[in-house]
Amino acid sequence: MGYDMPSRRFVLKAGAAAGGGLLLGLHLPSLARATAAPGAMDLAPNAFVRIDTHGTITLILPHTEFGQGIYTSSAMLMGEELDVGLDQIAVETAPPDIKHYIDPILGDEATGGSVSTRADWVRLREAAAVARTLMVAAAAKRWNVDPATCRVERGVIHDATGRSLAYGDVVSDAAQLPVPANVKLKDPSQFKLIGTSAKRIDTPSKVNGTAIYGIDIIVPNMRFGTVAITPVKGGKLASMDEAAARHVPGVQDVIRNDEGDAVAVIGDHMWAAKQGLEALNLKWDAGENGDVTLETIISTMDRASHNKGVVAKKEGDAAAAIRGAATQLSAIYQSPFLSHSPMEPLNCTLHIKPDSAEIWLGTQVPVRAQKAVAKVAGLPQDKVTVHNQLMGGAFGRRLDIDSVEVAASIAKHVSYPVKLVWTREEDLRHDYYRPYYYDRVAAGLDADGKLVGRTHRVTGPSILARWAPPAFKNGLDDDAVLCAAETPYEIPNEYVDYVRDEPRAMNTSWWRGVGPTHNLFVVESFIDELAHAAKQDPVEFRRGMLKTNPRALAVLNLAAEKSDWGSPLPRGTGRGVELQFAFGSYLCCVLEVEVTPPGEISVRRAVVAIDCGMTVNPDTVQAQIQGGLILGLGTAMYNEITLTGGAIDQSNFHDYRAMRINEAPKIEVYQIRNSEKPGGIGETGTAAAAPALGNAIFAATGKRLRRLPFGRGQLSGT
């Protein structure tokens, strides 16, 4: 979800922490009213930094780590203003506390949408700058000198005479000082950490196996469970052979949830639970969704797409411009349902007692997880303790708490802790999928090949309406039209609208990039179609619409230069380009692709130019683009979720496959560095993959593919 950082004055607060240390936070006035429904939440001070009397510095991270590198980049923000090294900062994940740890962009204690650094760019630095200011003031008071004559190096304060005091020496004094009304942040020219390539601080534990993920949790007296859920949304359990399951050695309990749409087997170990579940011989009543197929969903969307939608953008008179154009084009693009399928399947360890509960898991939404357990267990929210862990992938899946609700509905029936682990098959077949989108686009070119008008109708579900109802205003889902309503280009007449159509038998949710991932495929593919119709080079065609957008033009030019755009290629090989402004960052991707006569796609080279504003850690930027692009390429070539009889057809990585190591292209990343505010990076590479790949396939074969995935037999006999 791409939102701009709200412009608000930070009011700083500090207080003494337990044990005589210094605890700092920030208060953002009126922010809750700006980002959530009135009365939904009140924003309290957010504690981000703790320094104890030993000088130990702890960053209480308001976001969760699941591979994107924010343990390191957030620590760099804090370390920069504290004048300490990364090796001097410990990181803790914040507990569920929306008053203290709300994301000012998302309006929730949540991690997603490539917003973490954008949300924390100011508030973490200000919290650290206040800490540094108080420490220096305490030391200067002790020495009876002007604080301006002091300097800090690696957490040690020095004065002009050569005296020095470590942070730990003055922390108790600093906690008693009045908090400055304003603090001055460093000028970028003074940065020592920000902008440097830093090794990730969580790498050693992940390499040596000491890192703890949700699925690794072991607590005393714990037992293991696995679950089966109705294959068809809305279905119910018809029958099961409980006696057979209990006969399996090691099986302890067989529990059916209150709703009758899930059953779990709990054993002394996971193998017993899994074997017991298989022995149940489950029979399901599919219910009213038993007739749903992918074809029926698409047919419904096609009919809905003829309806006028809610206007997302209206500039000039696009319809009239197209009618009067020398050349008119129209097309339908389709983007499939997609599964998240993180390497770590869904899991949750729960111990529900009569008066309290504890939960161990990896989640992007700790407060929502806490509320879910409290509701199911009938407990006050503050009686539920959440231990948030590292996640082995998420891609948006852990922004939902359905797995927590299922776990709680099982665990409340037993007295011992239970770790409930979904098998890969249950995980994939009961996902909250990236929505199917059905897009109608049209445009007109004048006699000189200039784009004079375009229309774009997005038809699909609304994730916002379910996940964040206050953000779904007047029937418009802003995320569904991201990068469709606003593009980098100068187009005189534009009309974009949105038609909501919720599919039967499917739950939909965020998937790495969501709106931009689907809309960039449509917009950038169609821009290429227009360039071809205008008999212009795709890069030159784009350049002609970027005269007032220098940052977009710069990444386009850089990617074209580094990819040798325009140089000859062998027969059956082509280059494709895509350009985007998404998540606050400008990016251009050029792919070089070979398509064999039988229609096999081979991505040979990828060149990416990125301008994400002020860069915190260039290594993280490169890694996120590489990983995101590989995910996006594999998805664009192979992945789709289909239904038969209301049930998901795919079950594991054999029929929902990822790009393999031998298929991954050489990826070159070129970064434009400047002092603009930071943009998001985690989803940009994924969003770039499909349009660049589709355009490269067209360049190699002359065949335009408008429905993903591309490897679904559309290129046979090319």
# chains A, B, ... in the order shown; residues from 1 in each chain; ligands from 1
>>> select_by_dssp(residues="region 73-301 of chain A", states="alpha helix (DSSP H)", output="ChimeraX atom specification")
/A:73-82,98-101,116-143,167-174,203-208,242-246,270-279,294-301
>>> residues_around(residues="Gly113 (chain A)", least_positions_apart="3", cutoff="12 Å", atoms="only C-alpha atoms", output="PyMOL selection string")
chain A and resi 1-4+63+68+103+105-106+110+116-119+364+394-396+399+479+482+510-517+582-584+679-684
>>> closest_residue(among="A:Leu390, A:Tyr333, A:Leu185, A:Thr161", to="Lys206 (chain A)", atoms="only C-alpha atoms")
A:Leu390
>>> atom_distance(atom1="CA of Val616 (chain A)", atom2="CA of Asp120 (chain A)")
11.5 Å
>>> residues_around(residues="region 423-426 of chain A", least_positions_apart="4", cutoff="6 Å", atoms="only C-alpha atoms", output="compact mmCIF listing (two decimals) with C-alpha atoms, in the first residue's frame")
# COMPACT_ATOMS: atom_id res chain seq x y z
CA HIS A 430 -6.77 -22.01 2.58
CA SER A 651 -1.70 -28.03 -3.28
CA ASN A 652 2.09 -27.70 -3.13
>>> closest_residue(among="A:Ala211, A:Ile401, A:Val130, A:Val384", to="Ala175 (chain A)", atoms="only C-alpha atoms")
A:Val130
>>> residues_around(residues="Val593 (chain A)", least_positions_apart="6", cutoff="10 Å", atoms="only C-alpha atoms", output="list in words")
Gly572, Thr573, Gly574, Arg575, Gly576, Ile601, Ser602, Val603, Arg604, Arg605, Ala606, Pro665, Ala692, Leu693, Gly694, Asn695, Ala696, Ile697, Phe698, Ala699 and Ala700 of chain A
>>> select_by_dssp(residues="region 238-474 of chain A", states="strand (DSSP E)", output="ChimeraX atom specification")
/A:238-239,251-256,262-267,283-285,310-315,327-335,347-352,357-361,384-388,418-421,437-445,451-460
>>> residues_around(residues="Met76 (chain A)", least_positions_apart="3", cutoff="8 Å", atoms="only C-alpha atoms", output="PyMOL selection string")
chain A and resi 72-73+79-80+86+193-194+616
>>> closest_residue(among="A:Pro417, A:Pro598, A:Pro568, A:Pro691", to="Ser525 (chain A)", atoms="only C-alpha atoms")
A:Pro691
>>> residues_around(residues="Arg657 (chain A)", least_positions_apart="6", cutoff="9 Å", atoms="only C-alpha atoms", output="JSON, numbers by chain")
{"A": [634, 635, 638, 639]}
>>> residues_around(residues="region 250-262 of chain A", least_positions_apart="5", cutoff="7 Å", atoms="only C-alpha atoms", output="list in words")
Val227, Ala228, Ile229, Thr230, Gly235, Lys236, Leu237, Glu242, Gly267, Asp268, Ala272, Ala273, Gly276, Ser409 and Ile410 of chain A
>>> atom_distance(atom1="CA of Glu486 (chain A)", atom2="CA of Lys313 (chain A)")
8.0 Å
>>> closest_residue(among="A:Cys150, A:Gly544, A:Thr620, A:Ala312", to="Ala198 (chain A)", atoms="only C-alpha atoms")
A:Thr620
